[in-house]
file run-v3.txt (compact mmCIF, C-alpha atoms)
# COMPACT_ATOMS: atom_id res chain seq x y z
CA MET A 24 -18.34 -2.42 3.19
CA VAL A 25 -20.95 -4.63 1.51
CA PHE A 26 -20.21 -3.24 -1.95
CA LEU A 27 -16.48 -3.60 -1.31
CA VAL A 28 -17.00 -7.32 -0.63
CA LEU A 29 -19.24 -7.73 -3.69
CA SER A 30 -16.78 -5.90 -5.94
CA SER A 31 -13.89 -8.02 -4.67
CA ALA A 32 -15.95 -11.20 -5.15
CA CYS A 33 -16.61 -10.28 -8.79
CA ARG A 34 -12.91 -9.58 -9.30
CA LEU A 35 -12.09 -13.02 -7.87
CA LEU A 36 -14.38 -14.72 -10.39
CA LEU A 37 -12.75 -13.18 -13.48
CA PRO A 38 -9.56 -15.32 -13.64
CA ASN A 39 -11.62 -18.48 -13.25
CA TYR A 40 -13.71 -17.67 -16.31
CA GLN A 41 -10.65 -16.53 -18.25
CA GLY A 42 -9.29 -20.05 -17.80
CA HIS A 43 -12.62 -21.57 -18.88
CA ILE A 44 -12.62 -19.40 -22.02
CA LEU A 45 -9.12 -20.57 -22.97
CA ASP A 46 -10.06 -24.21 -22.34
CA GLY A 47 -13.05 -23.73 -24.65
CA VAL A 48 -10.77 -22.38 -27.38
CA ILE A 49 -8.23 -25.21 -26.98
CA ASN A 50 -10.92 -27.91 -26.90
CA ASP A 51 -12.81 -26.28 -29.80
CA ASP A 52 -15.98 -26.20 -27.67
CA ARG A 53 -17.86 -23.24 -29.22
CA ALA A 54 -20.93 -23.53 -26.98
CA SER A 55 -18.87 -23.48 -23.78
CA PHE A 56 -16.72 -20.67 -25.19
CA MET A 57 -19.70 -18.39 -25.94
CA ARG A 58 -21.35 -19.15 -22.59
CA ASP A 59 -18.21 -18.26 -20.67
CA ILE A 60 -17.69 -15.09 -22.73
CA ILE A 61 -21.21 -13.89 -21.86
CA ILE A 62 -20.71 -14.68 -18.16
CA TYR A 63 -17.35 -12.89 -18.23
CA VAL A 64 -18.92 -9.74 -19.71
CA VAL A 65 -21.77 -9.80 -17.17
CA ILE A 66 -19.34 -10.12 -14.27
CA ASN A 67 -17.34 -7.14 -15.58
CA VAL A 68 -20.47 -5.01 -15.85
CA VAL A 69 -21.66 -5.96 -12.36
CA MET A 70 -18.18 -5.38 -10.92
CA GLY A 71 -18.13 -1.89 -12.47
CA ILE A 72 -21.45 -1.05 -10.81
CA PHE A 73 -20.37 -2.36 -7.41
CA GLY A 74 -17.02 -0.59 -7.73
CA SER A 75 -18.70 2.74 -8.47
CA ILE A 76 -21.03 2.39 -5.48
CA ARG A 77 -18.05 1.43 -3.28
CA THR A 78 -16.17 4.55 -4.37
CA LEU A 79 -19.26 6.67 -3.71
CA CYS A 80 -19.68 5.24 -0.20
CA PHE A 81 -16.06 5.83 0.78
CA SER A 82 -16.19 9.34 -0.68
CA VAL A 83 -19.34 10.20 1.29
CA VAL A 84 -17.86 8.81 4.51
CA GLY A 85 -14.64 10.75 3.93
CA ARG A 86 -16.49 14.04 3.39
CA LYS A 87 -18.60 13.49 6.51
CA MET A 88 -15.46 12.78 8.53
CA TYR A 89 -13.86 15.96 7.15
CA TYR A 90 -16.96 17.96 8.10
CA ASP A 91 -17.06 16.52 11.62
CA VAL A 92 -13.34 17.11 12.24
CA GLN A 93 -13.57 20.74 11.08
CA ARG A 94 -16.69 21.33 13.18
CA ARG A 95 -15.13 19.93 16.33
CA LEU A 96 -11.83 21.72 15.74
CA PHE A 97 -13.52 25.10 15.23
CA ALA A 98 -15.63 24.59 18.34
CA SER A 99 -12.48 23.75 20.31
CA ILE A 100 -10.65 26.84 19.03
CA ILE A 101 -13.28 29.47 19.75
CA PHE A 102 -13.60 28.41 23.40
CA GLN A 103 -9.88 28.86 24.12
CA ASP A 104 -8.60 31.62 26.42
CA ILE A 105 -7.82 35.01 24.92
CA ALA A 106 -4.13 34.42 25.74
CA PHE A 107 -4.18 31.54 23.29
CA PHE A 108 -5.19 33.86 20.45
CA ASP A 109 -2.53 36.39 21.47
CA GLY A 110 0.20 33.80 21.00
CA THR A 111 -1.18 32.17 17.83
CA SER A 112 -1.49 33.78 14.41
CA THR A 113 -4.78 33.78 12.51
CA GLY A 114 -3.11 32.16 9.50
CA ASP A 115 -1.90 29.24 11.61
CA LEU A 116 -5.40 28.62 12.97
CA THR A 117 -7.08 28.78 9.56
CA SER A 118 -4.39 26.48 8.17
CA ARG A 119 -5.18 23.90 10.84
CA LEU A 120 -8.88 24.18 10.01
CA SER A 121 -8.31 23.55 6.31
CA ASN A 122 -4.97 21.96 5.40
CA ASP A 123 -4.28 19.97 8.57
CA ALA A 124 -7.80 18.58 8.78
CA SER A 125 -7.68 17.50 5.14
CA ALA A 126 -4.22 15.94 5.56
CA MET A 127 -5.49 13.94 8.55
CA ILE A 128 -8.64 12.59 6.85
CA SER A 129 -7.33 11.87 3.35
CA PRO A 130 -4.84 9.10 4.27
CA ALA A 131 -7.33 7.39 6.59
CA ASN A 132 -9.93 7.27 3.83
CA SER A 133 -7.60 5.96 1.10
CA VAL A 134 -5.68 3.54 3.33
CA LEU A 135 -8.91 2.02 4.71
CA SER A 136 -10.25 1.33 1.21
CA SER A 137 -6.94 -0.03 -0.10
CA PHE A 138 -6.29 -2.14 2.99
CA LEU A 139 -9.70 -3.83 3.00
CA SER A 140 -9.63 -4.42 -0.76
CA ALA A 141 -6.12 -5.92 -0.65
CA LEU A 142 -7.01 -8.09 2.35
CA LEU A 143 -10.12 -9.49 0.66
CA GLN A 144 -8.24 -10.21 -2.55
CA LEU A 145 -5.43 -11.88 -0.62
CA VAL A 146 -7.75 -14.23 1.28
CA GLY A 147 -10.05 -14.85 -1.69
CA GLY A 148 -7.16 -15.36 -4.10
CA LEU A 149 -5.55 -17.87 -1.74
CA PHE A 150 -8.80 -19.83 -1.53
CA MET A 151 -9.21 -19.83 -5.33
CA CYS A 152 -5.58 -20.95 -5.77
CA PHE A 153 -6.24 -24.05 -3.65
CA TYR A 154 -9.55 -24.56 -5.47
CA THR A 155 -7.75 -24.45 -8.85
CA SER A 156 -4.73 -26.60 -7.91
CA TRP A 157 -3.64 -27.53 -4.40
CA ARG A 158 -0.33 -28.88 -5.74
CA LEU A 159 0.68 -25.56 -7.29
CA SER A 160 -0.59 -23.71 -4.20
CA ILE A 161 1.66 -25.64 -1.83
CA LEU A 162 4.61 -25.09 -4.16
CA ALA A 163 3.93 -21.34 -4.43
CA LEU A 164 3.51 -20.85 -0.68
CA THR A 165 7.10 -21.91 -0.07
CA THR A 166 8.13 -18.33 -0.95
CA VAL A 167 5.93 -16.65 1.65
CA GLY A 168 8.29 -17.38 4.56
CA PRO A 169 11.49 -15.90 3.06
CA ILE A 170 9.70 -12.81 1.71
CA THR A 171 7.97 -12.17 5.04
CA LEU A 172 11.26 -12.53 6.91
CA ILE A 173 13.03 -10.08 4.57
CA TYR A 174 10.25 -7.50 4.87
CA ARG A 175 10.13 -7.85 8.66
CA ASP A 176 13.87 -7.35 9.08
CA TYR A 177 13.86 -4.36 6.74
CA SER A 178 10.90 -2.73 8.51
CA GLU A 179 12.55 -3.03 11.92
CA TRP A 180 15.84 -1.65 10.61
CA SER A 181 14.12 1.13 8.67
CA ARG A 182 12.13 2.20 11.73
CA GLN A 183 15.34 2.83 13.66
CA VAL A 184 16.94 4.68 10.74
CA ASN A 185 13.88 6.88 10.30
CA LYS A 186 13.99 7.78 13.99
CA GLU A 187 17.56 8.97 13.47
CA ILE A 188 16.50 10.89 10.35
CA TYR A 189 13.75 12.70 12.25
CA ALA A 190 16.20 13.46 15.08
CA SER A 191 18.67 15.01 12.63
CA MET A 192 15.91 17.02 10.97
CA GLY A 193 14.83 18.21 14.41
CA ASP A 194 18.38 19.36 15.16
CA ALA A 195 18.41 21.28 11.87
CA ASN A 196 15.10 22.93 12.73
CA VAL A 197 16.43 23.93 16.16
CA VAL A 198 19.46 25.60 14.54
CA ALA A 199 17.28 27.37 11.98
CA THR A 200 14.78 28.58 14.60
CA GLU A 201 17.44 29.87 16.99
CA THR A 202 19.30 31.59 14.16
CA LEU A 203 16.23 33.33 12.73
CA GLU A 204 14.89 34.36 16.13
CA ASN A 205 18.25 35.87 17.10
CA ILE A 206 19.34 37.07 13.68
CA ARG A 207 20.45 40.47 15.01
CA THR A 208 22.79 38.84 17.55
CA VAL A 209 24.10 36.40 14.96
CA ARG A 210 24.76 39.23 12.53
CA SER A 211 26.42 41.41 15.20
CA PHE A 212 28.98 38.72 16.09
CA GLY A 213 29.44 37.51 12.50
CA GLN A 214 28.28 33.96 13.26
CA GLU A 215 26.46 33.40 9.97
CA PRO A 216 29.04 30.88 8.60
CA LYS A 217 29.05 28.94 11.88
CA GLN A 218 25.26 28.65 11.95
CA GLN A 219 25.22 27.71 8.29
CA ARG A 220 27.72 24.91 8.91
CA ALA A 221 25.71 23.64 11.89
CA TYR A 222 22.51 23.59 9.81
CA GLU A 223 24.18 21.88 6.86
CA LYS A 224 25.75 19.27 9.16
CA ALA A 225 22.37 18.29 10.63
CA ARG A 226 20.74 18.21 7.21
CA ARG A 227 23.63 16.19 5.77
CA GLU A 228 23.23 13.58 8.51
CA ALA A 229 19.53 13.28 7.67
CA LEU A 230 20.34 13.02 3.96
CA ASP A 231 23.00 10.33 4.46
CA LYS A 232 20.67 8.21 6.58
CA GLY A 233 17.86 8.69 4.05
CA LEU A 234 20.15 7.57 1.21
CA LYS A 235 21.19 4.51 3.23
CA ASP A 236 17.52 3.64 3.74
CA SER A 237 16.90 4.03 -0.02
CA TYR A 238 19.78 1.69 -0.90
CA VAL A 239 18.62 -1.00 1.53
CA ASN A 240 15.04 -0.60 0.30
CA ALA A 241 16.24 -1.15 -3.27
CA ALA A 242 18.18 -4.26 -2.21
CA THR A 243 15.13 -5.60 -0.37
CA THR A 244 12.95 -5.03 -3.42
CA ALA A 245 15.51 -6.79 -5.63
CA MET A 246 15.72 -9.84 -3.36
CA THR A 247 11.96 -10.27 -3.04
CA GLY A 248 11.56 -9.64 -6.77
CA TYR A 249 14.02 -12.39 -7.64
CA ILE A 250 12.23 -14.77 -5.30
CA ASP A 251 8.92 -13.96 -7.01
CA GLN A 252 10.46 -14.49 -10.45
CA ALA A 253 12.01 -17.79 -9.37
CA ILE A 254 8.70 -19.15 -8.09
CA GLY A 255 7.01 -17.93 -11.28
CA VAL A 256 9.43 -19.95 -13.42
CA LEU A 257 9.05 -22.96 -11.10
CA LEU A 258 5.25 -22.79 -11.30
CA LEU A 259 5.31 -22.64 -15.09
CA TRP A 260 7.77 -25.55 -15.29
CA TYR A 261 5.93 -27.80 -12.85
CA GLY A 262 2.47 -26.78 -14.07
CA GLY A 263 3.42 -27.27 -17.71
CA SER A 264 4.88 -30.69 -16.90
CA VAL A 265 1.64 -31.73 -15.17
CA VAL A 266 -0.48 -30.44 -18.08
CA MET A 267 1.57 -32.41 -20.63
CA ALA A 268 1.74 -35.57 -18.49
CA THR A 269 -1.79 -35.70 -17.03
CA PRO A 270 -4.12 -33.16 -18.69
CA ASN A 271 -7.09 -34.57 -16.78
CA ILE A 272 -5.56 -33.28 -13.51
CA LEU A 273 -4.58 -29.81 -14.73
CA SER A 274 -5.56 -28.12 -17.98
CA VAL A 275 -3.94 -25.18 -19.74
CA GLY A 276 -6.82 -22.98 -18.63
CA ASN A 277 -6.33 -24.06 -15.02
CA LEU A 278 -2.62 -23.26 -15.21
CA ILE A 279 -3.30 -19.76 -16.56
CA THR A 280 -6.08 -19.26 -14.00
CA PHE A 281 -3.70 -20.19 -11.20
CA GLN A 282 -1.08 -17.76 -12.52
CA LEU A 283 -3.65 -14.94 -12.54
CA TYR A 284 -4.74 -15.72 -8.99
CA TRP A 285 -1.14 -15.94 -7.82
CA ASN A 286 -0.39 -12.54 -9.37
CA MET A 287 -3.45 -11.17 -7.56
CA ILE A 288 -2.17 -12.56 -4.25
CA ASN A 289 1.28 -11.16 -4.95
CA ASN A 290 -0.02 -7.66 -5.65
CA SER A 291 -2.27 -7.71 -2.59
CA TYR A 292 0.54 -8.98 -0.38
CA ASN A 293 2.90 -6.26 -1.63
CA THR A 294 0.24 -3.60 -0.99
CA LEU A 295 -0.31 -4.80 2.58
CA SER A 296 3.43 -5.10 3.18
CA ASP A 297 4.01 -1.52 2.01
CA MET A 298 1.25 -0.26 4.33
CA VAL A 299 2.56 -2.18 7.33
CA SER A 300 6.11 -1.06 6.55
CA SER A 301 5.08 2.61 6.33
CA PHE A 302 3.19 2.40 9.62
CA THR A 303 6.12 0.61 11.31
CA ARG A 304 8.61 3.21 10.12
CA ALA A 305 6.32 6.02 11.29
call {"tool": "encode", "arguments": {"input": "run-v3.txt", "output": "structure tokens"}}
result
Amino acid sequence: MVFLVLSSACRLLLPNYQGHILDGVINDDRASFMRDIIIYVVINVVMGIFGSIRTLCFSVVGRKMYYDVQRRLFASIIFQDIAFFDGTSTGDLTSRLSNDASAMISPANSVLSSFLSALLQLVGGLFMCFYTSWRLSILALTTVGPITLIYRDYSEWSRQVNKEIYASMGDANVVATETLENIRTVRSFGQEPKQQRAYEKARREALDKGLKDSYVNAATTAMTGYIDQAIGVLLLWYGGSVVMATPNILSVGNLITFQLYWNMINNSYNTLSDMVSSFTRA
């Protein structure tokens, strides 16, 4: 956790020094330019070290979690009644020990790292945006409300649709299970076409609902994307006007720095929104 914070802090410093470097070029200040270049390189090197240690820590924690889950699962299995083993195949048990345990641990490990990193960059980027220019920050934050509302409505709608998809898939599995378990009876009465139609109907319902969800997801992405593009154009127009009118309030380097921080916030917000949306739909 410590190295995650340090790595994110180094990443938050980079856009600030990128702006300083550009200001040094524009102002023809060679001493300031070289100093900022050296600091920028040092920050990148330190960030690489902290990032590697962060990856190592999360990897070690993930492997220890995997070991502990497998150990507890095996201990739980071997103390079951003999009747349990009579009704369960050996392949199913070994699959749960290997594949299921890995599938359970892997998302938790990756989501935890991505969630914390995105959250730190979102909060830190917002702070640095206000530090760079509070005027541009207030203007940019006007888009947060509409985007949040669109994502919230889509998540609630998608959760209901996904419930219906899982229900249709469950109906298809019921048809398939009953057909395969009673295949001799189905074959004796010539009911293969009927069972096939019932299975295809359930799968078609799941497919239609899934396609509907995909279309609405695409529309949601388009709407939020256009809002982001509109605020990007507005920021460049207003920021450029301020730079040309009063360069002592906002420099070219500050404008570029703000754009980099805003892009960082945007990416972090989208990452968190996707995670929350996936959890809500599940």
call {"tool": "atom_distance", "arguments": {"input": "run-v3.txt", "atom1": "CA of Ser82 in chain A", "atom2": "CA of Ser137 in chain A"}}
result
13.2 Å
call {"tool": "residues_around", "arguments": {"input": "run-v3.txt", "residues": "Val265 in chain A", "least_positions_apart": "3", "cutoff": "12 Å", "atoms": "all atoms listed in the file", "output": "NGL selection string"}}
result
:A and (156 or 158-159 or 258-262 or 268-275 or 277-278)
call {"tool": "atom_distance", "arguments": {"input": "run-v3.txt", "atom1": "CA of Met88 in chain A", "atom2": "CA of Ser136 in chain A"}}
result
14.6 Å
call {"tool": "residues_around", "arguments": {"input": "run-v3.txt", "residues": "range 58-64 of chain A", "least_positions_apart": "2", "cutoff": "7 Å", "atoms": "only C-alpha atoms", "output": "MDAnalysis selection string"}}
result
chainID A and resid 37 40 43:44 54:56 66:68
call {"tool": "atom_distance", "arguments": {"input": "run-v3.txt", "atom1": "CA of Gly71 in chain A", "atom2": "CA of Val83 in chain A"}}
result
18.4 Å
call {"tool": "residues_around", "arguments": {"input": "run-v3.txt", "residues": "Gly168 in chain A", "least_positions_apart": "6", "cutoff": "12 Å", "atoms": "all atoms listed in the file", "output": "short mmCIF file (atom, residue, chain, number, x, y, z; two decimals) with C-alpha atoms, keeping the file's coordinate frame"}}
result
data_model
loop_
_atom_site.label_atom_id
_atom_site.label_comp_id
_atom_site.auth_asym_id
_atom_site.auth_seq_id
_atom_site.Cartn_x
_atom_site.Cartn_y
_atom_site.Cartn_z
CA TYR A 174 10.25 -7.50 4.87
CA ARG A 175 10.13 -7.85 8.66
CA THR A 247 11.96 -10.27 -3.04
CA ILE A 250 12.23 -14.77 -5.30
#
call {"tool": "closest_residue", "arguments": {"input": "run-v3.txt", "among": "A:Ser160, A:Asp236, A:Ser140, A:Gly110", "to": "Gln183 in chain A", "atoms": "all atoms listed in the file"}}
result
A:Asp236
call {"tool": "residues_around", "arguments": {"input": "run-v3.txt", "residues": "Ala199 in chain A", "least_positions_apart": "5", "cutoff": "9 Å", "atoms": "only C-alpha atoms", "output": "PDB file with C-alpha atoms, keeping the file's coordinate frame"}}
result
ATOM      1  CA  ASP A 194      18.380  19.360  15.160  1.00  0.00           C
ATOM      2  CA  GLU A 204      14.890  34.360  16.130  1.00  0.00           C
ATOM      3  CA  GLN A 218      25.260  28.650  11.950  1.00  0.00           C
ATOM      4  CA  GLN A 219      25.220  27.710   8.290  1.00  0.00           C
ATOM      5  CA  TYR A 222      22.510  23.590   9.810  1.00  0.00           C
TER       6      TYR A 222
END
call {"tool": "closest_residue", "arguments": {"input": "run-v3.txt", "among": "A:Ala241, A:Ile161, A:Met57, A:Leu116", "to": "Phe97 in chain A", "atoms": "only C-alpha atoms"}}
result
A:Leu116
call {"tool": "closest_residue", "arguments": {"input": "run-v3.txt", "among": "A:Thr165, A:Ser191, A:Thr155, A:Ser178", "to": "Gly233 in chain A", "atoms": "all atoms listed in the file"}}
result
A:Ser191
call {"tool": "closest_residue", "arguments": {"input": "run-v3.txt", "among": "A:Val184, A:Asp176, A:Cys33, A:Arg119", "to": "Gln93 in chain A", "atoms": "all atoms listed in the file"}}
result
A:Arg119
call {"tool": "closest_atom_pairs", "arguments": {"input": "run-v3.txt", "of": "range 216-257 of chain A", "to": "range 282-300 of chain A", "cutoff": "12 Å", "atoms": "only C-alpha atoms", "output": "JSON lines"}}
result
{"residue": "A:Asn240", "atom": "CA", "partner": "A:Ser300", "partner_atom": "CA", "distance": 10.9}
{"residue": "A:Thr244", "atom": "CA", "partner": "A:Asn293", "partner_atom": "CA", "distance": 10.3}
{"residue": "A:Thr247", "atom": "CA", "partner": "A:Asn293", "partner_atom": "CA", "distance": 10.0}
{"residue": "A:Gly248", "atom": "CA", "partner": "A:Asn289", "partner_atom": "CA", "distance": 10.5}
{"residue": "A:Ile250", "atom": "CA", "partner": "A:Asn289", "partner_atom": "CA", "distance": 11.5}
{"residue": "A:Asp251", "atom": "CA", "partner": "A:Asn289", "partner_atom": "CA", "distance": 8.4}
{"residue": "A:Gln252", "atom": "CA", "partner": "A:Asn286", "partner_atom": "CA", "distance": 11.1}
{"residue": "A:Ile254", "atom": "CA", "partner": "A:Trp285", "partner_atom": "CA", "distance": 10.4}
{"residue": "A:Gly255", "atom": "CA", "partner": "A:Gln282", "partner_atom": "CA", "distance": 8.2}
{"residue": "A:Val256", "atom": "CA", "partner": "A:Gln282", "partner_atom": "CA", "distance": 10.8}
{"residue": "A:Leu257", "atom": "CA", "partner": "A:Gln282", "partner_atom": "CA", "distance": 11.5}
call {"tool": "closest_residue", "arguments": {"input": "run-v3.txt", "among": "A:Thr202, A:Ser211, A:Thr117, A:Lys232", "to": "Tyr189 in chain A", "atoms": "all atoms listed in the file"}}
result
A:Lys232
call {"tool": "residues_around", "arguments": {"input": "run-v3.txt", "residues": "Leu27 in chain A", "least_positions_apart": "3", "cutoff": "10 Å", "atoms": "all atoms listed in the file", "output": "number ranges by chain"}}
result
A: 24, 30-32, 70, 73-78, 80-81, 136, 139-140, 143
call {"tool": "build_atoms", "arguments": {"input": "run-v3.txt", "residues": "range 264-274 of chain A", "atoms": "all heavy atoms", "output": "PDB file, in the frame of the given file"}}
result
ATOM      1  N   SER A 264       4.576 -29.258 -16.912  1.00  0.00           N
ATOM      2  CA  SER A 264       4.880 -30.690 -16.900  1.00  0.00           C
ATOM      3  C   SER A 264       3.639 -31.512 -16.541  1.00  0.00           C
ATOM      4  O   SER A 264       3.377 -32.562 -17.145  1.00  0.00           O
ATOM      5  CB  SER A 264       6.008 -30.979 -15.899  1.00  0.00           C
ATOM      6  OG  SER A 264       7.182 -30.270 -16.241  1.00  0.00           O
ATOM      7  N   VAL A 265       2.865 -31.012 -15.561  1.00  0.00           N
ATOM      8  CA  VAL A 265       1.640 -31.730 -15.170  1.00  0.00           C
ATOM      9  C   VAL A 265       0.619 -31.698 -16.301  1.00  0.00           C
ATOM     10  O   VAL A 265      -0.041 -32.715 -16.587  1.00  0.00           O
ATOM     11  CB  VAL A 265       1.050 -31.105 -13.891  1.00  0.00           C
ATOM     12  CG1 VAL A 265      -0.307 -31.725 -13.565  1.00  0.00           C
ATOM     13  CG2 VAL A 265       2.000 -31.296 -12.717  1.00  0.00           C
ATOM     14  N   VAL A 266       0.477 -30.553 -16.983  1.00  0.00           N
ATOM     15  CA  VAL A 266      -0.480 -30.440 -18.080  1.00  0.00           C
ATOM     16  C   VAL A 266      -0.122 -31.415 -19.204  1.00  0.00           C
ATOM     17  O   VAL A 266      -0.996 -32.095 -19.762  1.00  0.00           O
ATOM     18  CB  VAL A 266      -0.508 -28.994 -18.632  1.00  0.00           C
ATOM     19  CG1 VAL A 266      -1.307 -28.930 -19.932  1.00  0.00           C
ATOM     20  CG2 VAL A 266      -1.122 -28.057 -17.612  1.00  0.00           C
ATOM     21  N   MET A 267       1.156 -31.510 -19.544  1.00  0.00           N
ATOM     22  CA  MET A 267       1.570 -32.410 -20.630  1.00  0.00           C
ATOM     23  C   MET A 267       1.479 -33.882 -20.228  1.00  0.00           C
ATOM     24  O   MET A 267       1.189 -34.745 -21.056  1.00  0.00           O
ATOM     25  CB  MET A 267       2.993 -32.065 -21.071  1.00  0.00           C
ATOM     26  CG  MET A 267       3.095 -30.733 -21.793  1.00  0.00           C
ATOM     27  SD  MET A 267       4.756 -30.388 -22.430  1.00  0.00           S
ATOM     28  CE  MET A 267       5.654 -30.118 -20.895  1.00  0.00           C
ATOM     29  N   ALA A 268       1.731 -34.167 -18.941  1.00  0.00           N
ATOM     30  CA  ALA A 268       1.740 -35.570 -18.490  1.00  0.00           C
ATOM     31  C   ALA A 268       0.330 -36.073 -18.197  1.00  0.00           C
ATOM     32  O   ALA A 268      -0.054 -37.165 -18.629  1.00  0.00           O
ATOM     33  CB  ALA A 268       2.626 -35.704 -17.263  1.00  0.00           C
ATOM     34  N   THR A 269      -0.436 -35.284 -17.426  1.00  0.00           N
ATOM     35  CA  THR A 269      -1.790 -35.700 -17.030  1.00  0.00           C
ATOM     36  C   THR A 269      -2.755 -34.541 -17.221  1.00  0.00           C
ATOM     37  O   THR A 269      -3.080 -33.828 -16.260  1.00  0.00           O
ATOM     38  CB  THR A 269      -1.797 -36.160 -15.555  1.00  0.00           C
ATOM     39  OG1 THR A 269      -1.216 -35.108 -14.751  1.00  0.00           O
ATOM     40  CG2 THR A 269      -1.019 -37.436 -15.366  1.00  0.00           C
ATOM     41  N   PRO A 270      -3.228 -34.294 -18.443  1.00  0.00           N
ATOM     42  CA  PRO A 270      -4.120 -33.160 -18.690  1.00  0.00           C
ATOM     43  C   PRO A 270      -5.453 -33.246 -17.970  1.00  0.00           C
ATOM     44  O   PRO A 270      -6.144 -32.248 -17.814  1.00  0.00           O
ATOM     45  CB  PRO A 270      -4.314 -33.197 -20.221  1.00  0.00           C
ATOM     46  CG  PRO A 270      -3.993 -34.609 -20.620  1.00  0.00           C
ATOM     47  CD  PRO A 270      -2.943 -35.068 -19.656  1.00  0.00           C
ATOM     48  N   ASN A 271      -5.823 -34.446 -17.510  1.00  0.00           N
ATOM     49  CA  ASN A 271      -7.090 -34.570 -16.780  1.00  0.00           C
ATOM     50  C   ASN A 271      -6.989 -34.009 -15.362  1.00  0.00           C
ATOM     51  O   ASN A 271      -7.996 -33.708 -14.736  1.00  0.00           O
ATOM     52  CB  ASN A 271      -7.514 -36.041 -16.718  1.00  0.00           C
ATOM     53  CG  ASN A 271      -6.454 -36.918 -16.047  1.00  0.00           C
ATOM     54  OD1 ASN A 271      -5.265 -36.761 -16.309  1.00  0.00           O
ATOM     55  ND2 ASN A 271      -6.890 -37.840 -15.190  1.00  0.00           N
ATOM     56  N   ILE A 272      -5.765 -33.867 -14.842  1.00  0.00           N
ATOM     57  CA  ILE A 272      -5.560 -33.280 -13.510  1.00  0.00           C
ATOM     58  C   ILE A 272      -5.490 -31.763 -13.581  1.00  0.00           C
ATOM     59  O   ILE A 272      -6.069 -31.055 -12.754  1.00  0.00           O
ATOM     60  CB  ILE A 272      -4.286 -33.867 -12.863  1.00  0.00           C
ATOM     61  CG1 ILE A 272      -4.456 -35.363 -12.611  1.00  0.00           C
ATOM     62  CG2 ILE A 272      -3.969 -33.147 -11.553  1.00  0.00           C
ATOM     63  CD1 ILE A 272      -3.239 -36.021 -12.003  1.00  0.00           C
ATOM     64  N   LEU A 273      -4.773 -31.253 -14.589  1.00  0.00           N
ATOM     65  CA  LEU A 273      -4.580 -29.810 -14.730  1.00  0.00           C
ATOM     66  C   LEU A 273      -4.585 -29.463 -16.204  1.00  0.00           C
ATOM     67  O   LEU A 273      -3.796 -30.013 -16.977  1.00  0.00           O
ATOM     68  CB  LEU A 273      -3.249 -29.383 -14.081  1.00  0.00           C
ATOM     69  CG  LEU A 273      -2.978 -27.885 -13.988  1.00  0.00           C
ATOM     70  CD1 LEU A 273      -3.918 -27.243 -12.970  1.00  0.00           C
ATOM     71  CD2 LEU A 273      -1.523 -27.619 -13.605  1.00  0.00           C
ATOM     72  N   SER A 274      -5.478 -28.550 -16.590  1.00  0.00           N
ATOM     73  CA  SER A 274      -5.560 -28.120 -17.980  1.00  0.00           C
ATOM     74  C   SER A 274      -4.778 -26.835 -18.182  1.00  0.00           C
ATOM     75  O   SER A 274      -4.316 -26.202 -17.220  1.00  0.00           O
ATOM     76  CB  SER A 274      -7.021 -27.916 -18.384  1.00  0.00           C
ATOM     77  OG  SER A 274      -7.577 -26.818 -17.663  1.00  0.00           O
TER      78      SER A 274
END
